[in-house]
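A.B. asks: Contents of data-v7.cif (mmCIF, C-alpha atoms) are given next:
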```
data_structure
#
loop_
_atom_site.group_PDB
_atom_site.id
_atom_site.type_symbol
_atom_site.label_atom_id
_atom_site.label_comp_id
_atom_site.auth_asym_id
_atom_site.auth_seq_id
_atom_site.Cartn_x
_atom_site.Cartn_y
_atom_site.Cartn_z
ATOM 1 C CA MET A 278 72.479 74.084 91.515
ATOM 2 C CA VAL A 279 74.206 73.651 88.147
ATOM 3 C CA GLU A 280 72.835 77.032 87.047
ATOM 4 C CA LEU A 281 74.245 78.600 90.209
ATOM 5 C CA ALA A 282 77.683 77.107 89.533
ATOM 6 C CA LEU A 283 77.599 78.434 85.960
ATOM 7 C CA LYS A 284 76.650 81.898 87.222
ATOM 8 C CA ARG A 285 79.507 81.818 89.697
ATOM 9 C CA ARG A 286 82.012 80.821 87.011
ATOM 10 C CA ALA A 287 80.674 83.437 84.599
ATOM 11 C CA CYS A 288 81.088 86.330 86.986
ATOM 12 C CA SER A 289 84.029 85.128 89.062
ATOM 13 C CA ARG A 290 86.222 87.950 87.714
ATOM 14 C CA SER A 291 83.730 90.686 88.482
ATOM 15 C CA PHE A 292 81.424 91.963 91.163
ATOM 16 C CA CYS A 293 78.613 89.420 91.790
ATOM 17 C CA SER A 294 76.019 88.871 94.464
ATOM 18 C CA PHE A 295 74.155 85.684 95.326
ATOM 19 C CA GLN A 296 71.048 85.133 97.367
ATOM 20 C CA ILE A 297 71.570 83.091 100.494
ATOM 21 C CA ASP A 298 69.139 81.816 103.064
ATOM 22 C CA GLY A 299 69.429 81.564 106.806
ATOM 23 C CA VAL A 300 69.573 78.018 108.095
ATOM 24 C CA ILE A 301 66.378 77.365 110.028
ATOM 25 C CA GLU A 302 67.204 76.017 113.458
ATOM 26 C CA GLN A 303 65.071 74.441 116.143
ATOM 27 C CA ASP A 304 64.511 76.459 119.314
ATOM 28 C CA GLU A 305 64.202 75.157 122.901
ATOM 29 C CA GLU A 306 60.512 74.317 122.513
ATOM 30 C CA GLY A 307 61.016 72.249 119.362
ATOM 31 C CA ARG A 308 59.644 74.825 116.922
ATOM 32 C CA PHE A 309 61.406 75.698 113.690
ATOM 33 C CA LYS A 310 61.730 79.425 113.268
ATOM 34 C CA ARG A 311 63.695 81.668 110.921
ATOM 35 C CA PRO A 312 65.632 84.140 113.093
ATOM 36 C CA LYS A 313 65.980 87.785 112.124
ATOM 37 C CA TRP A 314 69.783 87.453 111.935
ATOM 38 C CA PRO A 315 70.710 83.778 111.423
ATOM 39 C CA LYS A 316 73.984 82.402 112.732
ATOM 40 C CA ARG A 317 74.600 80.244 109.656
ATOM 41 C CA LEU A 318 73.844 80.958 106.013
ATOM 42 C CA ALA A 319 73.485 78.622 103.014
ATOM 43 C CA MET A 320 73.344 79.424 99.305
ATOM 44 C CA THR A 321 69.947 78.817 97.691
ATOM 45 C CA PRO A 322 69.398 77.399 94.198
ATOM 46 C CA LYS A 323 66.643 79.983 93.598
ATOM 47 C CA GLN A 324 68.299 83.286 92.728
ATOM 48 C CA ASN A 325 65.312 85.625 92.421
ATOM 49 C CA PHE A 326 65.380 89.000 94.124
ATOM 50 C CA ASP A 327 63.585 89.055 97.459
ATOM 51 C CA PRO A 328 63.779 92.159 99.679
ATOM 52 C CA GLN A 329 63.639 89.977 102.818
ATOM 53 C CA ALA A 330 66.472 87.665 101.741
ATOM 54 C CA PHE A 331 70.144 87.827 102.619
ATOM 55 C CA TYR A 332 72.763 88.331 99.910
ATOM 56 C CA VAL A 333 76.472 87.654 99.752
ATOM 57 C CA VAL A 334 78.875 89.599 97.531
ATOM 58 C CA VAL A 335 81.602 87.667 95.738
ATOM 59 C CA TYR A 336 84.520 89.777 94.547
ATOM 60 C CA GLU A 337 87.901 88.339 93.695
ATOM 61 C CA GLY A 338 89.535 91.459 92.322
ATOM 62 C CA SER A 339 92.338 91.814 89.845
ATOM 63 C CA LYS A 340 95.051 89.159 89.786
ATOM 64 C CA SER A 341 97.662 91.362 88.088
ATOM 65 C CA TRP A 342 98.999 92.711 91.414
ATOM 66 C CA GLN A 343 99.352 89.161 92.774
ATOM 67 C CA HIS A 344 101.186 88.094 89.603
ATOM 68 C CA PHE A 345 103.575 91.049 89.937
ATOM 69 C CA ILE A 346 104.342 90.195 93.579
ATOM 70 C CA LEU A 347 104.895 86.537 92.635
ATOM 71 C CA PHE A 348 107.329 87.597 89.905
ATOM 72 C CA CYS A 349 109.229 89.817 92.376
ATOM 73 C CA ILE A 350 109.502 86.995 94.930
ATOM 74 C CA ILE A 351 110.818 84.550 92.331
ATOM 75 C CA ALA A 352 113.319 87.130 91.033
ATOM 76 C CA ALA A 353 114.532 87.892 94.577
ATOM 77 C CA VAL A 354 115.033 84.191 95.373
ATOM 78 C CA LEU A 355 116.980 83.683 92.150
ATOM 79 C CA CYS A 356 119.164 86.729 92.856
ATOM 80 C CA VAL A 357 119.996 85.508 96.357
ATOM 81 C CA CYS A 358 120.774 81.987 95.113
ATOM 82 C CA MET A 359 123.065 83.386 92.418
ATOM 83 C CA PHE A 360 125.091 85.500 94.898
ATOM 84 C CA PRO A 361 128.349 83.555 94.260
ATOM 85 C CA ALA A 362 128.097 84.452 90.563
ATOM 86 C CA TRP A 363 127.671 88.180 91.200
ATOM 87 C CA PRO A 364 130.435 90.569 90.090
ATOM 88 C CA LEU A 365 132.906 91.562 92.790
ATOM 89 C CA LYS A 366 131.781 95.223 92.859
ATOM 90 C CA LEU A 367 128.196 94.166 93.546
ATOM 91 C CA LYS A 368 129.294 91.816 96.331
ATOM 92 C CA VAL A 369 131.315 94.619 97.942
ATOM 93 C CA ALA A 370 128.334 96.981 97.641
ATOM 94 C CA VAL A 371 126.095 94.463 99.425
ATOM 95 C CA TRP A 372 128.734 94.052 102.130
ATOM 96 C CA TYR A 373 128.946 97.845 102.635
ATOM 97 C CA LEU A 374 125.163 98.092 102.754
ATOM 98 C CA SER A 375 124.938 95.374 105.409
ATOM 99 C CA VAL A 376 127.675 97.035 107.505
ATOM 100 C CA VAL A 377 125.913 100.412 107.287
ATOM 101 C CA LEU A 378 122.559 98.908 108.316
ATOM 102 C CA LEU A 379 124.163 97.036 111.220
ATOM 103 C CA THR A 380 125.884 100.246 112.347
ATOM 104 C CA LEU A 381 122.604 102.176 112.191
ATOM 105 C CA ILE A 382 120.861 99.542 114.300
ATOM 106 C CA LEU A 383 123.662 99.553 116.886
ATOM 107 C CA VAL A 384 123.657 103.374 117.062
ATOM 108 C CA LEU A 385 119.878 103.372 117.505
ATOM 109 C CA VAL A 386 120.106 100.807 120.318
ATOM 110 C CA PHE A 387 122.874 102.809 122.030
ATOM 111 C CA VAL A 388 120.927 106.093 121.760
ATOM 112 C CA ARG A 389 117.826 104.383 123.192
ATOM 113 C CA LEU A 390 119.877 103.064 126.112
ATOM 114 C CA VAL A 391 121.529 106.419 126.864
ATOM 115 C CA LEU A 392 118.204 108.285 126.742
ATOM 116 C CA PHE A 393 116.490 105.727 128.964
ATOM 117 C CA VAL A 394 119.267 105.721 131.569
ATOM 118 C CA PHE A 395 119.490 109.536 131.610
ATOM 119 C CA PHE A 396 115.764 110.012 132.223
ATOM 120 C CA TRP A 397 115.617 107.018 134.593
ATOM 121 C CA PHE A 398 117.950 108.860 136.981
ATOM 122 C CA PHE A 399 115.304 111.596 137.312
ATOM 123 C CA GLY A 400 112.381 109.204 137.840
ATOM 124 C CA TYR A 401 110.959 109.131 134.315
ATOM 125 C CA GLN A 402 110.754 106.329 131.827
ATOM 126 C CA PHE A 403 111.483 107.568 128.318
ATOM 127 C CA TRP A 404 111.661 105.154 125.413
ATOM 128 C CA LEU A 405 112.545 106.043 121.863
ATOM 129 C CA LEU A 406 110.649 103.586 119.598
ATOM 130 C CA PRO A 407 109.348 101.463 122.498
ATOM 131 C CA ASN A 408 108.016 98.637 120.290
ATOM 132 C CA LEU A 409 111.178 98.251 118.215
ATOM 133 C CA PHE A 410 112.081 94.826 119.621
ATOM 134 C CA ASN A 411 108.525 93.658 120.339
ATOM 135 C CA GLU A 412 108.102 90.290 118.627
ATOM 136 C CA ASP A 413 104.299 90.510 118.665
ATOM 137 C CA ALA A 414 104.210 93.801 116.734
ATOM 138 C CA GLY A 415 104.119 93.964 112.960
ATOM 139 C CA ILE A 416 106.563 95.872 110.796
ATOM 140 C CA ILE A 417 104.654 99.153 110.917
ATOM 141 C CA ASP A 418 103.655 98.683 114.577
ATOM 142 C CA SER A 419 107.318 98.276 115.558
ATOM 143 C CA PHE A 420 107.895 101.953 114.753
ATOM 144 C CA LEU A 421 104.733 103.266 116.441
ATOM 145 C CA PRO A 422 104.577 105.175 118.754
ATOM 146 C CA TRP A 423 107.769 107.168 118.292
ATOM 147 C CA ILE A 424 108.244 107.850 121.998
ATOM 148 C CA GLU A 425 106.826 106.689 125.302
ATOM 149 C CA TRP A 426 107.090 108.944 128.344
ATOM 150 C CA HIS A 427 105.698 108.468 131.848
ATOM 151 C CA ARG A 428 106.681 109.101 135.439
ATOM 152 C CA SER A 429 107.843 106.109 137.481
ATOM 153 C CA GLN A 430 105.769 105.231 140.537
ATOM 154 C CA ASP A 431 108.704 104.097 142.692
ATOM 155 C CA ASP A 432 109.216 103.844 146.432
ATOM 156 C CA TRP A 433 112.165 105.188 148.427
ATOM 157 C CA ALA A 434 114.329 102.089 147.790
ATOM 158 C CA MET A 435 114.192 102.606 144.036
ATOM 159 C CA PHE A 436 114.891 106.310 144.537
ATOM 160 C CA ALA A 437 118.040 105.388 146.516
ATOM 161 C CA ALA A 438 119.047 102.891 143.811
ATOM 162 C CA ARG A 439 118.668 105.562 141.115
ATOM 163 C CA ILE A 440 120.858 108.007 143.085
ATOM 164 C CA PHE A 441 123.470 105.297 143.716
ATOM 165 C CA CYS A 442 123.557 104.357 140.008
ATOM 166 C CA ALA A 443 123.829 108.027 139.005
ATOM 167 C CA ILE A 444 126.827 108.489 141.337
ATOM 168 C CA LEU A 445 128.497 105.336 139.972
ATOM 169 C CA THR A 446 127.887 106.436 136.376
ATOM 170 C CA ALA A 447 129.262 109.923 137.047
ATOM 171 C CA GLY A 448 132.351 108.452 138.746
ATOM 172 C CA THR A 449 132.930 106.018 135.872
ATOM 173 C CA LEU A 450 132.646 108.754 133.257
ATOM 174 C CA TYR A 451 135.022 110.959 135.278
ATOM 175 C CA LYS A 452 137.649 108.203 135.515
ATOM 176 C CA LEU A 453 137.299 107.345 131.819
ATOM 177 C CA SER A 454 137.830 110.983 130.847
ATOM 178 C CA GLU A 455 141.210 111.229 132.655
#
```
Just give me the structure of the file as C-alpha cells.
C.D. replies:
Amino acid sequence: MVELALKRRACSRSFCSFQIDGVIEQDEEGRFKRPKWPKRLAMTPKQNFDPQAFYVVVYEGSKSWQHFILFCIIAAVLCVCMFPAWPLKLKVAVWYLSVVLLTLILVLVFVRLVLFVFFWFFGYQFWLLPNLFNEDAGIIDSFLPWIEWHRSQDDWAMFAARIFCAILTAGTLYKLSE
C-alpha cells in the first residue's frame, strides 16, 4: 500500500491510472461471486496490468487557472472594501453604471409585460425571456429560450375576461391621451 501511495504522489500532477477491484459481495444463496459490473470498487495493492480488471483514471489538471480565479476574487473583494477610498470620478462612474443597468432591467420588464398583455388579448401566451426570473435556473439558463409562444386553452369565461380587459385598457389609453 505504501508503494501505491508513492505512485499516487509521484503522478498526482499528470494523467495516471490505477487498477481497482470490484468488491465481492454475497448473493442470496450465500455464495461469493464477482459480478460483471460491481456496485462498489476498491483500490488494490497489486498494480499489474490485467485485461479483466477495472481501472480508474486520476487526473487533477493544471492549477494555474484556479490560482488566477482566486487572485481575481481576492482583488475584487479588496476593491469593493476600498470603495470609500476611491476617487470621486470612479465613484460617479460606478453610480452611472448602476443606474444604466437598473434602467435596462426596468425597460426589459416593461417590454415583457406589454408584449405579454398584447398577445394575451388575442388568446396567445408570448414571453420574451421566459426564464429570466426563474430562481431555479442558472445564469445561462435564465436567458434560454429567447421566446416562448403557445396558444391558450381557455374556456368562454376567460375569453370574456380577455375582451373586458382589452376594452378597459383601450379606454384607459384613450383617456390618458386626451
A.B. asks: Which residues would end up in the selection if the PyMOL selection byres ((chain A and resi 397) around 12) were applied here, given that I need the answer as an MDAnalysis selection string?
C.D. replies: chainID A and resid 389:396 398:404 426:431 435:436 438:440 442:443
A.B. asks: How many Å lie between atom CA of Val384 of chain A and atom CA of Pro422 of chain A, rounded to one decimal?
C.D. replies: 19.2 Å
A.B. asks: Identify the residues around (108.6, 98.2, 121.8) within a radius of 9 Å, measuring from all atoms listed in the file in the coordinates stated by the file, and give them as a count of residues only.
C.D. replies: 15
A.B. asks: So how far away is atom CA of Gly338 of chain A from atom CA of Phe295 of chain A, in Å?
C.D. replies: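 Going from atom CA of Phe295 of chain A over to atom CA of Gly338 of chain A covers 16.7 Å.
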A.B. asks: Expressed in Å to a single decimal, how great is the separation between atom CA of Ala319 of chain A and atom CA of Val335 of chain A?
C.D. replies: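 Taking atom CA of Ala319 of chain A as the start and atom CA of Val335 of chain A as the end point, the length is 14.2 Å.
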A.B. asks: Given all atoms listed in the file as the basis, pick out the residue of A:Ile416, A:Asp304, A:Val369, A:Ile297 nearest to Lys323 of chain A.
C.D. replies: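 Residue with the minimum atom-to-atom distance to Lys323 of chain A: A:Ile297.
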